[in-house]
Amino acid sequence: MRAAVVTFPGSNCDRDLRVAMEAVFGRPVKSLWHAETELPPLDLVGLPGGFSYGDYLRCGAIAARSPIMTEIARLARRGVAVLGICNGFQILTEAGLLPGALVRNMRLSFVCRPVPIEVATSASPFTADYRPGQRIALPVAHHDGNYVLEPAELARLEDEDRIAFRYLDNPNGSTADIAGVLNAERNVLGMMPHPERACDPLLGGSDGAGLFRSLLAALT
Amino acid sequence: MAPEITPELLAEHGLSPSEYERIREILGREPRPVELGIFSVMWSEHCSYKSSRIHLRKFPTEAPWVVCGPGENAGVVDIGDGQVAVFKMESHNHPSFIEPYQGAATGVGGILRDVFTMGARPVAILDALRFGAPEHPKTRHLLAGVVAGIGGYGNCVGVPTVGGETGFHRAYNGNILVNAMCVGVAEKDRLFYARAAGVGNPVVYVGARTGRDGIHGATMASAEFREDAEAKRPTVQVGDPFLEKLLIEACLELMAGDCIVAIQDMGAAGLTSSSFEMAARGGTGIELDLDAVPLREANMSAYEIMLSESQERMLMVLARGREAEARAVFEKWELDFAVIGRVTDSGRMVVRHHGQVVADVPVEPVSGGSPVYDRPWRLPDPPVPFISDDQTVHLGPREVLLRLLSCPDLACKRWIWEQYDHSVMADTVAGPGGDAAVVRVHGTGKGLALTIDCTPRYCRADPRMGGRQAVAEAYRNLVAVGARPLAITDCLNFGSPERPEIMGQFVGCIEGMAEACRTLAFPVVSGNVSLYNETDAQAILPTPEVGGLGLIEDLSKRTGLAFDADGLLLLLIGEVTGWLGQSVFQREILGREEGAPPPVDLLLEKRHADFVAGQIAAGRVCACHDLSDGGLAVAMAEMCLASGRGGRLSVPAEAPSLFGWLYGEDQARYLLAVAPEHVHGLLEEATAAGVIAREVGVTGGDALIIDGVPPISLEELRRCHEGWLPSWMDD
């Protein structure tokens, strides 16, 4: 398993994601700077949460045009797994690697709390360790997590079983309670909840570790 | 041509005629305009502590585990394994009243800089907030703005906001309090200080560009408000948390090497205070060239550049010849970097602009030689104990409990803290809502316990007792989660020191705090004083906020509010006199705020804390809660809500009075949940230690049942406790 986590200016969950990956993968995870254009061979790239470029313009819009994103799009086309969490999800939608957009929460304020979530599909390298329909708890922490997309796109996501996670108690107004989505090839996942903050019972739960176990099994 | 120095000009600079005479003596001439500005901010109450200094000396500041006490950017305590915790609390009251979002946001930004300046990675933020009466027309707007500002800044920089407190009282109608505390962790042998050294070393400016914002902010923070407070909006700074995040990462990256000789953030009074403080602490001089300062706006005058309070800026002294290495780090993070001066051995601050000397003043008399005032003070008359009679209460104990749980001071603050990211950094073991927050020291099995406490109504009634109580409650909150209390930071918020009765509150609170700190071996390692918190001569309640820090050596032995089983016995530690004077019960139910606050017996506090800590360490305690506002019944309700389990609370025949038993606020008390097999041993040890401990209830069920009172379902408790704040904000 060769994994890396990208740091953009303003990323603030990059360390958390590396720590969670390393604990499950049992090996070091590389740190990539957003300005890099030549990447080492990789099986998994993580785009972490945070406020890349201060959320200026639109969340994720400037980071989506960072030099490294051209390379990441190339890797994604070649089938490398790409995981975007929170701001990473916003960057993936801004980069066109995932459909839809993330807009301001319906109640207009930042929300940080653990939320109950249903694993909507286990047919992906990110979710195979879960049972379909399994209920898990993951924390959310975002201001712009309200996932919106066209009805036709939603129908397509549903037809193709590309909704990875659904909220059981929607914290932000997302369409169809969507908490995480896959691309058509199922190697790119974007999600608003933070699995990396839920990998240790001491922090209140370890339901997030299943995602990293799934990746370890799928990619080695 | 320099403007003539008139009494009006001096008043605008907040300088008294005698202070002006002193300036002329120091310089041997009339001050230049920039020099007048420098004296104005450096001798402001905010920067010079001129009214408070002689009293602050009363605090104990040393202990074997204290690495650095007051006087640096933040206090430092040893937490073992070569690591230290670095922490401080600071006020941003005046700006937050004028512009709540930016005022609160920049308060968070400033306190973060105080901590990472010392080489520590910030790991937690806490906030103590005081607002006016909920029915006051400005309160809702101020609260919404402050909470959004704290969240907007802290969430973006990625440091969890893990705790704090929020209170309401009409005394804060015209003057809210926003106190922010930051805690960081560093290696003990990698601390950085703000002491300029090395003649010829470059003085370097990094971070955001300098604009015209916040000029004379420190002077504003040193005067009382009048009706025209909003007209001061231009003196409020504007924050950019994204820049701060870059600055944190760039500074910590550079600090991993050895090119920084000294570093200081530009806080209140900006470039002026940062350069003077570095030179004063190092006993050096500094030459500054303002033409090299990165500017946001064209044509800024020397006066404006020296006094700007633009945010997210740092001043460093580098080792000579290491400029390129340092510049590379800041350019990587896309931050401005400029050499703006040199360290000298002249003992003078010489400032040039457009080739002209605009200021040339000796460092020491400006920085350390501000006037010191021993202002007259008068303590309030000693309050008489309040005697209550259950017969005067027209509500039953059930209605009283529901009313207390939903009153503004005790209602759940979830609406606030869910807007703060409290889980980022993935080390938050216990977030908001408990006695103390617990944050794991990254990569270890130990944790820091953090709390902020103060009971202003006690401080007003009896400043000395209120001062003691604030420290004692912080101590108890740390003990209650299984931590060993180490030290405190404080934020002393008071009205105008020029009024003897306010100065009396200040002196009384400090003396009470100092007594408690001494008895509990809980020294003060950093802090901040905020005076002139009044509008049109209406002063706030005396509010000496105490930020406590403790160490949990083994996180598996921590405790919390939640009991995780039915059938645990509830043991009350401490004496019960049924003290209702100055209680929340007295205010909310009887509509009175009078009498003496509960006495704080410091030796008893110590004995009870040691006993509870011993029982937690022995593994006998499943859950623990400190008793404070609202007394036993409120504590019990909070434990039930945290657990999602009910319980039964008994009222013994020997109780002083029903309401005194349930809602009295006697100090030095804890409520423990203990498995039945451990109760006998615990009670025996209590007797041996001279600690009063008694069984008062049992856990279980889905309702809170008080003897002789109809059960209250958890659902109803939760609706009352959590409902008030969101419904008031949505009104």
# chains A, B, ... in the order shown; residues from 1 in each chain; ligands from 1
$ residues_around --residues "range 577-582 of chain B" --least-positions-apart "6" --cutoff "8 Å" --atoms "only C-alpha atoms" --output "list of chain:residue names"
B:Pro385, B:Phe386, B:Ile387, B:Ser388, B:Arg457, B:Tyr458, B:Ala461, B:Glu593, B:Glu594, B:Gly595, B:Ala596, B:Pro597, B:Pro598, B:Ala655, B:Pro656, B:Ser657, B:Phe659, B:Gly660, B:Trp661, B:Leu662, B:Tyr663, B:Gly664, B:Glu665, B:Asp666
$ write_last_selection --atoms "C-alpha atoms" --output "PDB file, in the first residue's frame"
ATOM      1  CA  PRO B 385     -25.707  35.881  55.325  1.00  0.00           C
ATOM      2  CA  PHE B 386     -29.010  35.396  53.542  1.00  0.00           C
ATOM      3  CA  ILE B 387     -31.551  33.426  55.550  1.00  0.00           C
ATOM      4  CA  SER B 388     -34.210  31.682  53.506  1.00  0.00           C
ATOM      5  CA  ARG B 457     -22.053  37.436  41.401  1.00  0.00           C
ATOM      6  CA  TYR B 458     -19.936  35.991  44.233  1.00  0.00           C
ATOM      7  CA  ALA B 461     -20.874  40.412  46.911  1.00  0.00           C
ATOM      8  CA  GLU B 593     -29.387  38.806  44.378  1.00  0.00           C
ATOM      9  CA  GLU B 594     -28.220  39.384  47.911  1.00  0.00           C
ATOM     10  CA  GLY B 595     -26.349  38.231  50.953  1.00  0.00           C
ATOM     11  CA  ALA B 596     -22.948  36.640  51.310  1.00  0.00           C
ATOM     12  CA  PRO B 597     -21.718  34.085  48.787  1.00  0.00           C
ATOM     13  CA  PRO B 598     -20.826  30.606  50.075  1.00  0.00           C
ATOM     14  CA  ALA B 655     -31.246  18.199  55.490  1.00  0.00           C
ATOM     15  CA  PRO B 656     -31.072  21.876  56.550  1.00  0.00           C
ATOM     16  CA  SER B 657     -34.027  22.700  54.261  1.00  0.00           C
ATOM     17  CA  PHE B 659     -34.334  23.785  48.786  1.00  0.00           C
ATOM     18  CA  GLY B 660     -31.031  24.299  50.563  1.00  0.00           C
ATOM     19  CA  TRP B 661     -30.265  20.588  50.219  1.00  0.00           C
ATOM     20  CA  LEU B 662     -31.163  20.471  46.532  1.00  0.00           C
ATOM     21  CA  TYR B 663     -29.981  23.868  45.299  1.00  0.00           C
ATOM     22  CA  GLY B 664     -27.579  25.269  47.909  1.00  0.00           C
ATOM     23  CA  GLU B 665     -24.134  26.162  46.599  1.00  0.00           C
ATOM     24  CA  ASP B 666     -21.843  25.090  49.445  1.00  0.00           C
TER      25      ASP B 666
END
$ interface_residues --of "chain A" --to "chain B" --cutoff "7 Å" --atoms "only C-alpha atoms" --output "ChimeraX atom specification"
/A:9-10,12-13,16,50-51,53-54,109-113,141,197,202-203
$ write_last_selection --atoms "C-alpha atoms" --output "CSV table (one decimal), in the first residue's frame"
chain,number,residue,atom,x,y,z
A,9,PRO,CA,-2.2,26.0,2.1
A,10,GLY,CA,-5.0,26.0,4.7
A,12,ASN,CA,-5.9,21.4,8.6
A,13,CYS,CA,-6.8,17.7,8.7
A,16,ASP,CA,-5.1,13.6,11.3
A,50,GLY,CA,-9.5,22.1,6.2
A,51,PHE,CA,-9.9,25.6,4.7
A,53,TYR,CA,-7.0,29.0,0.6
A,54,GLY,CA,-9.2,30.2,3.4
A,109,SER,CA,-24.1,27.9,10.5
A,110,PHE,CA,-21.1,25.7,11.0
A,111,VAL,CA,-22.0,22.3,12.5
A,112,CYS,CA,-19.7,20.0,14.5
A,113,ARG,CA,-21.2,16.9,16.0
A,141,ALA,CA,-17.5,19.6,11.1
A,197,ARG,CA,-11.5,11.4,13.6
A,202,LEU,CA,-10.7,7.0,23.3
A,203,LEU,CA,-12.1,9.8,21.0
$ residues_around --residues "Asp14 in chain A" --least-positions-apart "4" --cutoff "10 Å" --atoms "only C-alpha atoms" --output "PyMOL selection string"
(chain A and resi 4-8+10+18-19+31-32+46-50+196) or (chain B and resi 425)
$ select_by_dssp --residues "chain A" --states "strand (DSSP E or B)" --output "PyMOL selection string"
chain A and resi 3-7+11+30-33+44-47+50+81-85+101-103+111-119+135-142+146-148+163-167+178-182+188-191+200+205
$ write_last_selection --atoms "C-alpha atoms" --output "PDB file, in the first residue's frame"
ATOM      1  CA  ALA A   3      -0.498   6.132   0.207  1.00  0.00           C
ATOM      2  CA  ALA A   4      -0.067   9.903   0.346  1.00  0.00           C
ATOM      3  CA  VAL A   5      -1.956  12.874   1.754  1.00  0.00           C
ATOM      4  CA  VAL A   6      -1.854  16.277   0.039  1.00  0.00           C
ATOM      5  CA  THR A   7      -1.337  19.489   1.998  1.00  0.00           C
ATOM      6  CA  SER A  11      -5.450  22.218   4.968  1.00  0.00           C
ATOM      7  CA  LYS A  30       3.717  10.292   2.380  1.00  0.00           C
ATOM      8  CA  SER A  31       2.992  13.975   2.641  1.00  0.00           C
ATOM      9  CA  LEU A  32       2.625  15.837  -0.675  1.00  0.00           C
ATOM     10  CA  TRP A  33       2.830  19.628  -1.083  1.00  0.00           C
ATOM     11  CA  LEU A  44      -4.111   5.967  -2.711  1.00  0.00           C
ATOM     12  CA  VAL A  45      -4.197   9.757  -2.493  1.00  0.00           C
ATOM     13  CA  GLY A  46      -6.025  11.533   0.322  1.00  0.00           C
ATOM     14  CA  LEU A  47      -7.307  15.105   0.041  1.00  0.00           C
ATOM     15  CA  GLY A  50      -9.548  22.142   6.233  1.00  0.00           C
ATOM     16  CA  ALA A  81      -7.929   5.476  -5.378  1.00  0.00           C
ATOM     17  CA  VAL A  82      -8.636   9.099  -4.414  1.00  0.00           C
ATOM     18  CA  LEU A  83     -10.307   9.925  -1.096  1.00  0.00           C
ATOM     19  CA  GLY A  84     -11.553  13.469  -0.430  1.00  0.00           C
ATOM     20  CA  ILE A  85     -12.846  14.263   3.041  1.00  0.00           C
ATOM     21  CA  ALA A 101     -21.543  20.887  -5.498  1.00  0.00           C
ATOM     22  CA  LEU A 102     -21.317  21.633  -1.788  1.00  0.00           C
ATOM     23  CA  VAL A 103     -23.061  24.802  -0.702  1.00  0.00           C
ATOM     24  CA  VAL A 111     -21.994  22.346  12.524  1.00  0.00           C
ATOM     25  CA  CYS A 112     -19.703  20.042  14.496  1.00  0.00           C
ATOM     26  CA  ARG A 113     -21.208  16.890  15.988  1.00  0.00           C
ATOM     27  CA  PRO A 114     -21.169  13.132  15.604  1.00  0.00           C
ATOM     28  CA  VAL A 115     -23.938  12.069  13.249  1.00  0.00           C
ATOM     29  CA  PRO A 116     -25.536   8.686  12.571  1.00  0.00           C
ATOM     30  CA  ILE A 117     -24.816   7.498   9.048  1.00  0.00           C
ATOM     31  CA  GLU A 118     -25.886   4.551   6.923  1.00  0.00           C
ATOM     32  CA  VAL A 119     -23.396   2.787   4.690  1.00  0.00           C
ATOM     33  CA  ARG A 135     -25.314   2.149  10.831  1.00  0.00           C
ATOM     34  CA  ILE A 136     -22.181   3.951  11.944  1.00  0.00           C
ATOM     35  CA  ALA A 137     -21.408   7.237  13.706  1.00  0.00           C
ATOM     36  CA  LEU A 138     -18.925   9.749  12.296  1.00  0.00           C
ATOM     37  CA  PRO A 139     -18.288  13.375  13.217  1.00  0.00           C
ATOM     38  CA  VAL A 140     -19.077  16.179  10.805  1.00  0.00           C
ATOM     39  CA  ALA A 141     -17.469  19.623  11.057  1.00  0.00           C
ATOM     40  CA  HIS A 142     -18.302  21.973   8.224  1.00  0.00           C
ATOM     41  CA  ASN A 146     -24.998  20.837   1.775  1.00  0.00           C
ATOM     42  CA  TYR A 147     -24.648  18.568  -1.258  1.00  0.00           C
ATOM     43  CA  VAL A 148     -26.714  19.658  -4.241  1.00  0.00           C
ATOM     44  CA  ILE A 163     -24.106   6.849  -3.033  1.00  0.00           C
ATOM     45  CA  ALA A 164     -21.605   5.601  -0.466  1.00  0.00           C
ATOM     46  CA  PHE A 165     -23.008   7.086   2.735  1.00  0.00           C
ATOM     47  CA  ARG A 166     -26.326   8.627   3.742  1.00  0.00           C
ATOM     48  CA  TYR A 167     -27.132  10.720   6.809  1.00  0.00           C
ATOM     49  CA  ILE A 178     -26.145  12.133   0.721  1.00  0.00           C
ATOM     50  CA  ALA A 179     -23.016  12.140   2.892  1.00  0.00           C
ATOM     51  CA  GLY A 180     -20.585  10.589   0.416  1.00  0.00           C
ATOM     52  CA  VAL A 181     -20.492   9.752  -3.309  1.00  0.00           C
ATOM     53  CA  LEU A 182     -18.386   7.665  -5.691  1.00  0.00           C
ATOM     54  CA  VAL A 188     -12.880   8.299  -6.242  1.00  0.00           C
ATOM     55  CA  LEU A 189     -14.854   8.918  -3.029  1.00  0.00           C
ATOM     56  CA  GLY A 190     -15.864  12.269  -1.624  1.00  0.00           C
ATOM     57  CA  MET A 191     -17.501  12.531   1.810  1.00  0.00           C
ATOM     58  CA  ASP A 200      -9.978   5.478  18.275  1.00  0.00           C
ATOM     59  CA  GLY A 205     -15.729   5.783  18.466  1.00  0.00           C
TER      60      GLY A 205
END
$ residues_around --residues "Leu97 in chain A" --least-positions-apart "2" --cutoff "9 Å" --atoms "only C-alpha atoms" --output "number ranges by chain"
A: 73, 76, 91-95, 99, 183, 188
